[in-house]
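> Sending over a structure as structure tokens; questions will come in a sec.
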Amino acid sequence: MALPRLRVGRLLAYVAAIAIAVFIIAPIYLITISAFSTFDAVYEYPKNLLPSHLSMESMNIFLDSDGVKDSLWRSVWVAVLTIVACLGIGTPAGYALARFTFKGANPFQLALVSTRAFPLIIIAIPLAVTYLQVGIDDTIYGVALAHVAFTLPLTVLVTASVFAGISYELEEAAMTLGCSRFSAFSRVALPLALPGVAAAAIFVFVTTWNEVFAAALLTFTNRTLPAQMLAALDTSPLPYRLAGGFFLLAPALVVIFFIRKYLVSTWGRVAR
Amino acid sequence: MTTIAQETPLARRRRRWEVLPYWLILPTVVYLGLFFVWPMIQGFGLALRDESGNWSFTAIETMWNDAAFPEAMSFTFLLIAVIVPIQFVLAFGMALLLNARLRGSGLILYIFLLPLAISDLAAGIAWSAIFTERGYLNTILGGVGVLEQPFIFLDPTSKTQLVIAVAAAEIWRSTTFMMVILFAGLQAIPRDYIEASEVFGAGFFQRVRHVILPMLKPSIQVALLLRLIFAFEVFAVVIALTGSGATVLAAESYKWQATNENEHVAAAYSIVILGLSLLAAAVVLLVLRTPRERRLK
């Protein structure tokens, strides 16, 4: 009830909420109708604000351009690799932070939080140099390795808060009934944590799908979608850019729907 | 202690558990050591060595004398100065709206959260469709009769216009990030406090000024801190909107690595970004510090 109780205040609140919502949706709407319109409609002026020339023309030109489909697949692969590695490495650490009090737990947690104070740009350049020496430059594995480094701290913190929300007594009960430590975790705690772990996976997905600086520096020919888009910005036609922009932005509409609950509770807590 | 033989099976199990957490965090520690801490140290090494591997300030000097350096520096700071204050007020307002439990708040939350998953590259592309000469903004302004001729918003010779365009896209994209942190903090404020102030006749603005803002201070601190750190990394949105009309620190770092193939100067730029981020973080912590005894919880 932070806002005025008065009717007028209430009305103003609705007006403000709708105005902001329109401000947020307008660019998404405009890029969507541009991406799904004819080539001519993209160049026409004045523009039509309603989707009047719906067509797959621009979209097909984008998808059939050199390297676009490949870069889309690479983006998906990098995302899969990053998510699997991140959860594989990070979930145990998150579990440890949630379940055990051990010496070094606090410094460990603090270190994870403080990784965010360091711009990821500073890591990307040395990695590019190292990759050249090791021979994994210009590969999706190199990009995925970098993306894991960027997302691992958040994964650990998010999974820790997920496990902290699941009663340890359930695992203890399973153990008195004959479960080992591990099977109590895998058969009791993990299934209960699955929605939260999935949310962590989506956090990771969003980062790797969007990340452009490192991806563009670590690859030359095997580019992910954002890297491909960045490289083609000043050489590609407008319909190509708009269709590509739509592809970059589209997952947001879906993933936010699934993690909107976690975003506020978990993110808010993690940010403290 | 001395008679280990007498240790019960249960105690032994407990002892084994004591090392278990360390095994569980070990992969994370090793990975971050290899792919976070070590590259960071290497970054300093790169910036402070020349091509032949000797310690020198060559890269720093090259950066310092680079004509693009002051330009990138001033554009980055200008952007932050325009974006962050507007963003803070807007994010706070959005958080208040979410907290007001309006009807349809589920839908409002969904829409308000959308930009969180949108990259700065996508934001830059979407807003370039709006700002371009034959774009949507000119269509709308021409349609309502404000403009007779399309206006060139993305004029590469006008720094002011470029700043406004990039700021619009960045405010659109990254305000949500602050909003989430502020909203989470707002929810943690006990409703009794706010209701009590209402009972004593505090108006809306008095409540914000004397109850909500002071209690929200830790969240404000975190939101500003993280937002400022990310603001120094601003990159793709600038390239997408301005082309080569404007440059920022991250874009210069990228250019030196990818185009000029000089990782030393690229690293020097990235160290400047790191230094500025840490400086900004320190300033926020100092200005908004909360005495321990006054903290909630």
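Naming works like this for the structure tokens: A, B, ... for the chains as they're shown, residue 1 at the start of each chain, ligands 1 onward in shown order.
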Compute the set of chain A residues within 7 Å of chain B, using only C-alpha atoms, and express it as a PyMOL selection string.
chain A and resi 1-4+13+17+21+24+27+31+45-47+89-90+92-93+96+100+117-119+121-123+125-127+146+149+206+210+217+233+241-242+245+248-249+252-253+256-257+260+264-265+268+271-272
> Write a file of the just-selected residues containing N, CA and C atoms, as a CSV table (one decimal), in the first residue's frame.

chain,number,residue,atom,x,y,z
A,1,MET,N,0.8,-1.2,0.0
A,1,MET,CA,0.0,0.0,0.0
A,1,MET,C,0.9,1.2,0.0
A,2,ALA,N,1.9,1.2,-0.7
A,2,ALA,CA,2.8,2.3,-0.7
A,2,ALA,C,2.3,3.5,-1.5
A,3,LEU,N,1.3,3.2,-2.4
A,3,LEU,CA,0.8,4.3,-3.2
A,3,LEU,C,-0.5,4.9,-2.5
A,4,PRO,N,-0.9,6.0,-2.9
A,4,PRO,CA,-2.0,6.7,-2.3
A,4,PRO,C,-3.2,5.9,-2.3
A,13,ALA,N,-1.9,5.6,-10.7
A,13,ALA,CA,-1.0,4.5,-10.7
A,13,ALA,C,-1.3,3.6,-11.9
A,17,ALA,N,1.3,2.7,-14.9
A,17,ALA,CA,1.6,1.3,-15.2
A,17,ALA,C,1.4,1.0,-16.6
A,21,ALA,N,4.2,0.1,-19.5
A,21,ALA,CA,4.0,-1.1,-20.2
A,21,ALA,C,4.0,-0.9,-21.7
A,24,ILE,N,7.5,-0.3,-22.8
A,24,ILE,CA,8.3,-1.5,-22.9
A,24,ILE,C,7.9,-2.3,-24.1
A,27,PRO,N,8.8,-1.2,-28.7
A,27,PRO,CA,9.9,-1.6,-29.5
A,27,PRO,C,9.8,-3.1,-29.9
A,31,ILE,N,9.6,-4.3,-33.8
A,31,ILE,CA,10.6,-5.1,-34.4
A,31,ILE,C,10.0,-6.4,-34.9
A,45,TYR,N,8.3,4.4,-46.3
A,45,TYR,CA,8.1,5.6,-45.4
A,45,TYR,C,7.0,6.4,-45.9
A,46,PRO,N,6.1,6.9,-45.1
A,46,PRO,CA,6.0,6.6,-43.7
A,46,PRO,C,5.6,5.1,-43.4
A,47,LYS,N,6.0,4.7,-42.3
A,47,LYS,CA,5.8,3.3,-41.9
A,47,LYS,C,4.3,3.0,-41.5
A,89,ILE,N,28.7,-28.4,-12.5
A,89,ILE,CA,29.8,-27.9,-11.6
A,89,ILE,C,29.2,-27.1,-10.4
A,90,GLY,N,28.1,-26.3,-10.7
A,90,GLY,CA,27.6,-25.4,-9.7
A,90,GLY,C,26.6,-25.9,-8.7
A,92,PRO,N,26.4,-28.9,-7.1
A,92,PRO,CA,27.0,-29.4,-5.8
A,92,PRO,C,27.4,-28.3,-4.9
A,93,ALA,N,28.0,-27.3,-5.4
A,93,ALA,CA,28.5,-26.2,-4.6
A,93,ALA,C,27.4,-25.4,-3.9
A,96,ALA,N,26.2,-27.5,-1.2
A,96,ALA,CA,27.1,-27.5,0.0
A,96,ALA,C,26.8,-26.2,0.8
A,100,PHE,N,25.5,-27.3,4.6
A,100,PHE,CA,26.6,-27.5,5.5
A,100,PHE,C,27.1,-26.2,6.1
A,117,ALA,N,31.6,-7.7,-9.4
A,117,ALA,CA,32.1,-6.4,-9.5
A,117,ALA,C,33.2,-6.3,-10.6
A,118,PHE,N,33.5,-7.4,-11.2
A,118,PHE,CA,34.6,-7.4,-12.2
A,118,PHE,C,33.9,-7.5,-13.6
A,119,PRO,N,34.2,-6.5,-14.4
A,119,PRO,CA,33.6,-6.6,-15.8
A,119,PRO,C,34.2,-7.8,-16.5
A,121,ILE,N,34.5,-8.2,-19.5
A,121,ILE,CA,35.4,-7.8,-20.6
A,121,ILE,C,36.9,-8.1,-20.3
A,122,ILE,N,37.2,-7.9,-19.1
A,122,ILE,CA,38.6,-8.0,-18.7
A,122,ILE,C,39.1,-9.5,-18.8
A,123,ILE,N,38.1,-10.4,-18.8
A,123,ILE,CA,38.5,-11.8,-18.9
A,123,ILE,C,38.5,-12.3,-20.3
A,125,ILE,N,39.6,-10.9,-23.1
A,125,ILE,CA,40.8,-10.6,-23.9
A,125,ILE,C,41.9,-11.6,-23.6
A,126,PRO,N,42.3,-11.8,-22.3
A,126,PRO,CA,43.3,-12.9,-22.0
A,126,PRO,C,42.8,-14.2,-22.5
A,127,LEU,N,41.5,-14.6,-22.4
A,127,LEU,CA,41.1,-15.9,-22.8
A,127,LEU,C,41.3,-16.0,-24.3
A,146,ALA,N,34.0,-19.9,-21.7
A,146,ALA,CA,34.0,-18.5,-21.1
A,146,ALA,C,32.6,-18.2,-20.5
A,149,ALA,N,32.3,-19.5,-17.1
A,149,ALA,CA,32.9,-18.7,-16.1
A,149,ALA,C,32.1,-17.5,-15.7
A,206,VAL,N,19.8,-17.2,-20.7
A,206,VAL,CA,19.6,-15.8,-21.1
A,206,VAL,C,21.0,-15.2,-21.2
A,210,ASN,N,22.6,-14.1,-25.0
A,210,ASN,CA,22.7,-12.6,-25.2
A,210,ASN,C,24.2,-12.2,-25.3
A,217,LEU,N,34.8,-12.0,-29.7
A,217,LEU,CA,36.3,-12.0,-29.6
A,217,LEU,C,36.9,-13.3,-29.8
A,233,LEU,N,26.6,-5.9,-38.7
A,233,LEU,CA,25.8,-4.7,-38.5
A,233,LEU,C,25.9,-3.7,-39.6
A,241,ARG,N,18.9,-7.2,-40.4
A,241,ARG,CA,19.2,-6.8,-39.1
A,241,ARG,C,17.9,-6.9,-38.2
A,242,LEU,N,16.8,-6.5,-38.8
A,242,LEU,CA,15.6,-6.5,-37.9
A,242,LEU,C,15.1,-7.9,-37.7
A,245,GLY,N,17.5,-9.2,-35.1
A,245,GLY,CA,17.2,-8.6,-33.8
A,245,GLY,C,16.0,-9.3,-33.2
A,248,LEU,N,17.2,-12.6,-31.7
A,248,LEU,CA,17.9,-12.3,-30.4
A,248,LEU,C,16.9,-12.1,-29.3
A,249,LEU,N,15.8,-11.4,-29.6
A,249,LEU,CA,14.9,-10.9,-28.5
A,249,LEU,C,13.8,-11.9,-28.2
A,252,ALA,N,13.3,-14.0,-24.9
A,252,ALA,CA,13.0,-13.3,-23.7
A,252,ALA,C,11.5,-13.4,-23.4
A,253,LEU,N,10.6,-13.3,-24.4
A,253,LEU,CA,9.2,-13.3,-24.2
A,253,LEU,C,8.8,-14.7,-23.6
A,256,ILE,N,11.0,-15.3,-19.7
A,256,ILE,CA,10.5,-14.4,-18.6
A,256,ILE,C,9.2,-15.0,-18.0
A,257,PHE,N,8.4,-15.5,-18.9
A,257,PHE,CA,7.1,-16.1,-18.4
A,257,PHE,C,7.4,-17.2,-17.4
A,260,ARG,N,9.4,-15.6,-14.0
A,260,ARG,CA,9.1,-14.3,-13.4
A,260,ARG,C,9.0,-14.4,-11.9
A,264,VAL,N,12.1,-12.3,-9.0
A,264,VAL,CA,12.0,-11.4,-7.9
A,264,VAL,C,12.5,-12.0,-6.6
A,265,SER,N,12.0,-13.3,-6.3
A,265,SER,CA,12.4,-13.9,-5.0
A,265,SER,C,13.9,-14.2,-4.9
A,268,GLY,N,16.3,-11.1,-6.0
A,268,GLY,CA,16.3,-10.2,-4.9
A,268,GLY,C,17.2,-10.6,-3.7
A,271,ALA,N,20.9,-10.7,-4.6
A,271,ALA,CA,21.5,-9.4,-4.8
A,271,ALA,C,21.9,-8.7,-3.4
A,272,ARG,N,21.3,-9.3,-2.4
A,272,ARG,CA,21.6,-8.6,-1.1
A,272,ARG,C,23.0,-8.8,-0.7
> Report as a ChimeraX atom specification all protein, DNA and RNA residues lying within 12 Å of Val76 (chain A), evaluated on only C-alpha atoms, omitting residues in the same chain fewer than 2 positions from it.
/A:69-74,78-83,140,143-144,205-206,208-210,223-226,248,251
> Go ahead and compute the interatomic distance for CA of Lys217 (chain B) and CA of Ala199 (chain A), in Å to one decimal.
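Separation of CA of Lys217 (chain B) and CA of Ala199 (chain A): 27.9 Å.
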> If we count only C-alpha atoms, what is near Leu224 (chain B) at a cut-off of 8 Å, once residues fewer than 3 positions away on the same chain are taken out, given as a ChimeraX atom specification?
/B:88,178,220-221,227-228,284
> Could you dump the residues just selected with C-alpha atoms as a tab-separated table (two decimals), in the first residue's frame?

chain	number	residue	atom	x	y	z
B	88	PHE	CA	16.86	5.01	-10.79
B	178	MET	CA	17.32	-2.09	-10.95
B	220	ILE	CA	19.32	1.05	-3.42
B	221	GLN	CA	22.99	0.55	-2.68
B	227	ARG	CA	24.03	-0.94	-12.44
B	228	LEU	CA	27.11	1.32	-12.44
B	284	VAL	CA	28.40	4.08	-3.91
> Would you give me, as an MDAnalysis selection string, the residues in region 45-210 of chain A that DSSP reads as alpha helix (DSSP H)?
chainID A and resid 57:64 68:99 105:114 121:134 140:164 168:176 181:184 190:210
